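Colleague: I'd like to ask some things about the structure below.
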Amino acid sequence: MKGVEAKTNDWVGSWNIDATLVSPSVKFPSLMTFNSDGNLIADEVPSPLETSGHGAWVKNDENNGAYTFYFLTGDATDPAKWTRGKVRGMIMYNQQTDKWSGLFKITALDQDGNTAFAAEGTMSATRINVEP
């Protein structure tokens with residue numbers, strides 16, 4: 001059985017992400033799914049106290065776009081302590097390679113909405129295709 005590649009010349013679909021924070025310097029894998037209705041689901045390395053990311057994306061032109069998603073995290077020692085995180089990023093899509101890359105900013109907010117942590121980074125994405 002031969003695998004079928006989903007080359008749509010668009011970023012709708014599911015993607016393997018290699019993400020790198022600039023400071024602190026941390027590399028981690030992630031998964032993102034861009035739905036055709038503008039909704040977005042994102043996951044990073046699993047944590048029992050963190051939800052998937054839920055958000056939206058928009059195309060600015062054929063090769064550029066933006067996204068924002070939120071996630072929730074908890075504290076194992078104090079369930080009353082939770083935070084809401086926000087990730088905002090830019091997409092630079094390459095139609096020839098069917099890959100995208102971009103910059104992102106992550107912000108963790110405390111329960112009062114104040115910034116508890118902020119960092120910037122880069123992402124590179126490879127489409128997830130059906131394999132034989």
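Lettering and numbering for the structure tokens are positional, with chains as A, B, ... in the shown order, residues counted from 1 in each chain, and ligands counted from 1 in the shown order.
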Find the spatial neighbours of segment 68-74 of chain A, counting only C-alpha atoms, within a cut-off of 7 Å - ignore same-chain residues fewer than 4 positions away - and output them as number ranges by chain.
Modeller: A: 49-57, 79, 81-89
Colleague: Write the selection just made, keeping N, CA and C atoms, as a tab-separated table (two decimals), in the first residue's frame?
Modeller:
chain	number	residue	atom	x	y	z
A	49	LEU	N	-0.72	18.11	34.04
A	49	LEU	CA	-1.35	19.32	34.56
A	49	LEU	C	-1.46	20.42	33.50
A	50	GLU	N	-1.49	20.03	32.22
A	50	GLU	CA	-1.61	21.02	31.15
A	50	GLU	C	-2.58	20.52	30.10
A	51	THR	N	-3.45	21.39	29.63
A	51	THR	CA	-4.41	21.01	28.61
A	51	THR	C	-3.82	21.21	27.22
A	52	SER	N	-4.54	20.72	26.23
A	52	SER	CA	-4.22	21.05	24.84
A	52	SER	C	-4.46	22.54	24.65
A	53	GLY	N	-3.86	23.10	23.61
A	53	GLY	CA	-4.11	24.48	23.27
A	53	GLY	C	-5.30	24.58	22.33
A	54	HIS	N	-6.13	25.58	22.53
A	54	HIS	CA	-7.31	25.80	21.69
A	54	HIS	C	-7.29	27.24	21.22
A	55	GLY	N	-7.50	27.44	19.91
A	55	GLY	CA	-7.46	28.79	19.42
A	55	GLY	C	-7.92	28.94	17.99
A	56	ALA	N	-7.37	29.95	17.33
A	56	ALA	CA	-7.78	30.31	15.98
A	56	ALA	C	-6.57	30.71	15.15
A	57	TRP	N	-6.74	30.63	13.83
A	57	TRP	CA	-5.70	31.05	12.90
A	57	TRP	C	-6.34	31.80	11.74
A	79	PRO	N	-4.14	22.61	43.96
A	79	PRO	CA	-5.09	22.64	42.84
A	79	PRO	C	-5.74	24.00	42.63
A	81	LYS	N	-4.17	26.71	42.49
A	81	LYS	CA	-3.24	27.53	41.71
A	81	LYS	C	-3.23	27.03	40.26
A	82	TRP	N	-3.81	27.79	39.39
A	82	TRP	CA	-3.80	27.46	37.97
A	82	TRP	C	-3.36	28.69	37.19
A	83	THR	N	-2.92	28.48	36.00
A	83	THR	CA	-2.55	29.59	35.13
A	83	THR	C	-3.13	29.34	33.75
A	84	ARG	N	-3.25	30.41	33.02
A	84	ARG	CA	-3.69	30.36	31.63
A	84	ARG	C	-2.51	30.83	30.80
A	85	GLY	N	-2.18	30.05	29.79
A	85	GLY	CA	-1.10	30.42	28.91
A	85	GLY	C	-1.62	30.81	27.54
A	86	LYS	N	-0.88	31.68	26.88
A	86	LYS	CA	-1.27	32.13	25.54
A	86	LYS	C	-0.05	32.04	24.63
A	87	VAL	N	-0.25	31.50	23.43
A	87	VAL	CA	0.80	31.44	22.41
A	87	VAL	C	0.30	32.18	21.19
A	88	ARG	N	1.12	33.13	20.71
A	88	ARG	CA	0.82	33.87	19.48
A	88	ARG	C	1.96	33.66	18.52
A	89	GLY	N	1.64	33.44	17.27
A	89	GLY	CA	2.72	33.18	16.32
A	89	GLY	C	2.39	33.61	14.90
Colleague: Neighbouring residues of segment 62-64 of chain A were defined as those with any atom within 7 Å, considering only C-alpha atoms; residues of the same chain fewer than 5 positions away were excluded. Please report them as a PDB file with N, CA and C atoms, in the first residue's frame.
Modeller:
ATOM      1  N   ILE A  91       3.037  32.511  10.733  1.00  0.00           N
ATOM      2  CA  ILE A  91       3.312  31.402   9.828  1.00  0.00           C
ATOM      3  C   ILE A  91       3.900  31.949   8.541  1.00  0.00           C
ATOM      4  N   MET A  92       5.014  31.354   8.110  1.00  0.00           N
ATOM      5  CA  MET A  92       5.594  31.638   6.799  1.00  0.00           C
ATOM      6  C   MET A  92       5.623  30.311   6.053  1.00  0.00           C
ATOM      7  N   TYR A  93       4.647  30.109   5.178  1.00  0.00           N
ATOM      8  CA  TYR A  93       4.446  28.841   4.482  1.00  0.00           C
ATOM      9  C   TYR A  93       5.227  28.818   3.172  1.00  0.00           C
ATOM     10  N   ASN A  94       5.891  27.680   2.906  1.00  0.00           N
ATOM     11  CA  ASN A  94       6.649  27.488   1.669  1.00  0.00           C
ATOM     12  C   ASN A  94       5.889  26.479   0.806  1.00  0.00           C
TER      13      ASN A  94
END
Colleague: Determine the nearest neighbour of Val12 of chain A from the options A:Ile128, A:Leu103, A:Leu109, A:Ala76, counting only C-alpha atoms.
Modeller: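 Looking only at the distances to Val12 of chain A, the closest residue turns out to be A:Ile128.
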Colleague: Pick out the closest residue to Thr122 of chain A from this set: A:Asp98, A:Asp75, A:Asp10, A:Asp18. Count only C-alpha atoms.
Modeller: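 The closest residue to Thr122 of chain A is A:Asp18.
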Colleague: Ranking A:Phe28, A:Phe34, A:Phe104, A:Tyr67 by minimum distance to Gly121 of chain A and counting only C-alpha atoms, which one comes first?
Modeller: A:Phe104
Colleague: For Asn60 of chain A, which residue among A:Thr77, A:Met90, A:Gly102, A:Met32 is the nearest when counting only C-alpha atoms?
Modeller: A:Met90
Colleague: When distances are computed from only C-alpha atoms, which of A:Ala108, A:Ser101, A:Ser47, A:Ile41 shows the smallest separation from Gly65 of chain A?
Modeller: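 Of A:Ala108, A:Ser101, A:Ser47, A:Ile41, the one nearest Gly65 of chain A, counting only C-alpha atoms, is A:Ser101.
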Colleague: Just how far from atom CA of Gly13 of chain A is atom CA of Ala119 of chain A, in Å to one decimal?
Modeller: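 Straight-line distance from atom CA of Ala119 of chain A to atom CA of Gly13 of chain A works out to 26.4 Å.
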Colleague: In Å to one decimal, how far is atom CA of Trp15 of chain A from atom CA of Lys99 of chain A?
Modeller: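 Atom CA of Trp15 of chain A lies 8.9 Å from atom CA of Lys99 of chain A.
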Colleague: Once DSSP has gone over the backbone, tell me which residues of segment 17-131 of chain A are in strand (DSSP E or B), as a PyMOL selection string.
Modeller: chain A and resi 17-21+26-34+39-44+50+53-59+64-74+82-94+99-109+115-127
Colleague: Expressed in Å to a single decimal, how great is the separation between atom CA of Thr97 of chain A and atom CA of Asp37 of chain A?
Modeller: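 Straight-line distance from atom CA of Thr97 of chain A to atom CA of Asp37 of chain A works out to 23.8 Å.
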Colleague: Under the rule that only C-alpha atoms are counted, which of A:Ala66, A:Val45, A:Ala19, A:Trp100 is the nearest residue to Thr126 of chain A?
Modeller: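 Ranking A:Ala66, A:Val45, A:Ala19, A:Trp100 by distance to Thr126 of chain A, first place goes to A:Trp100.
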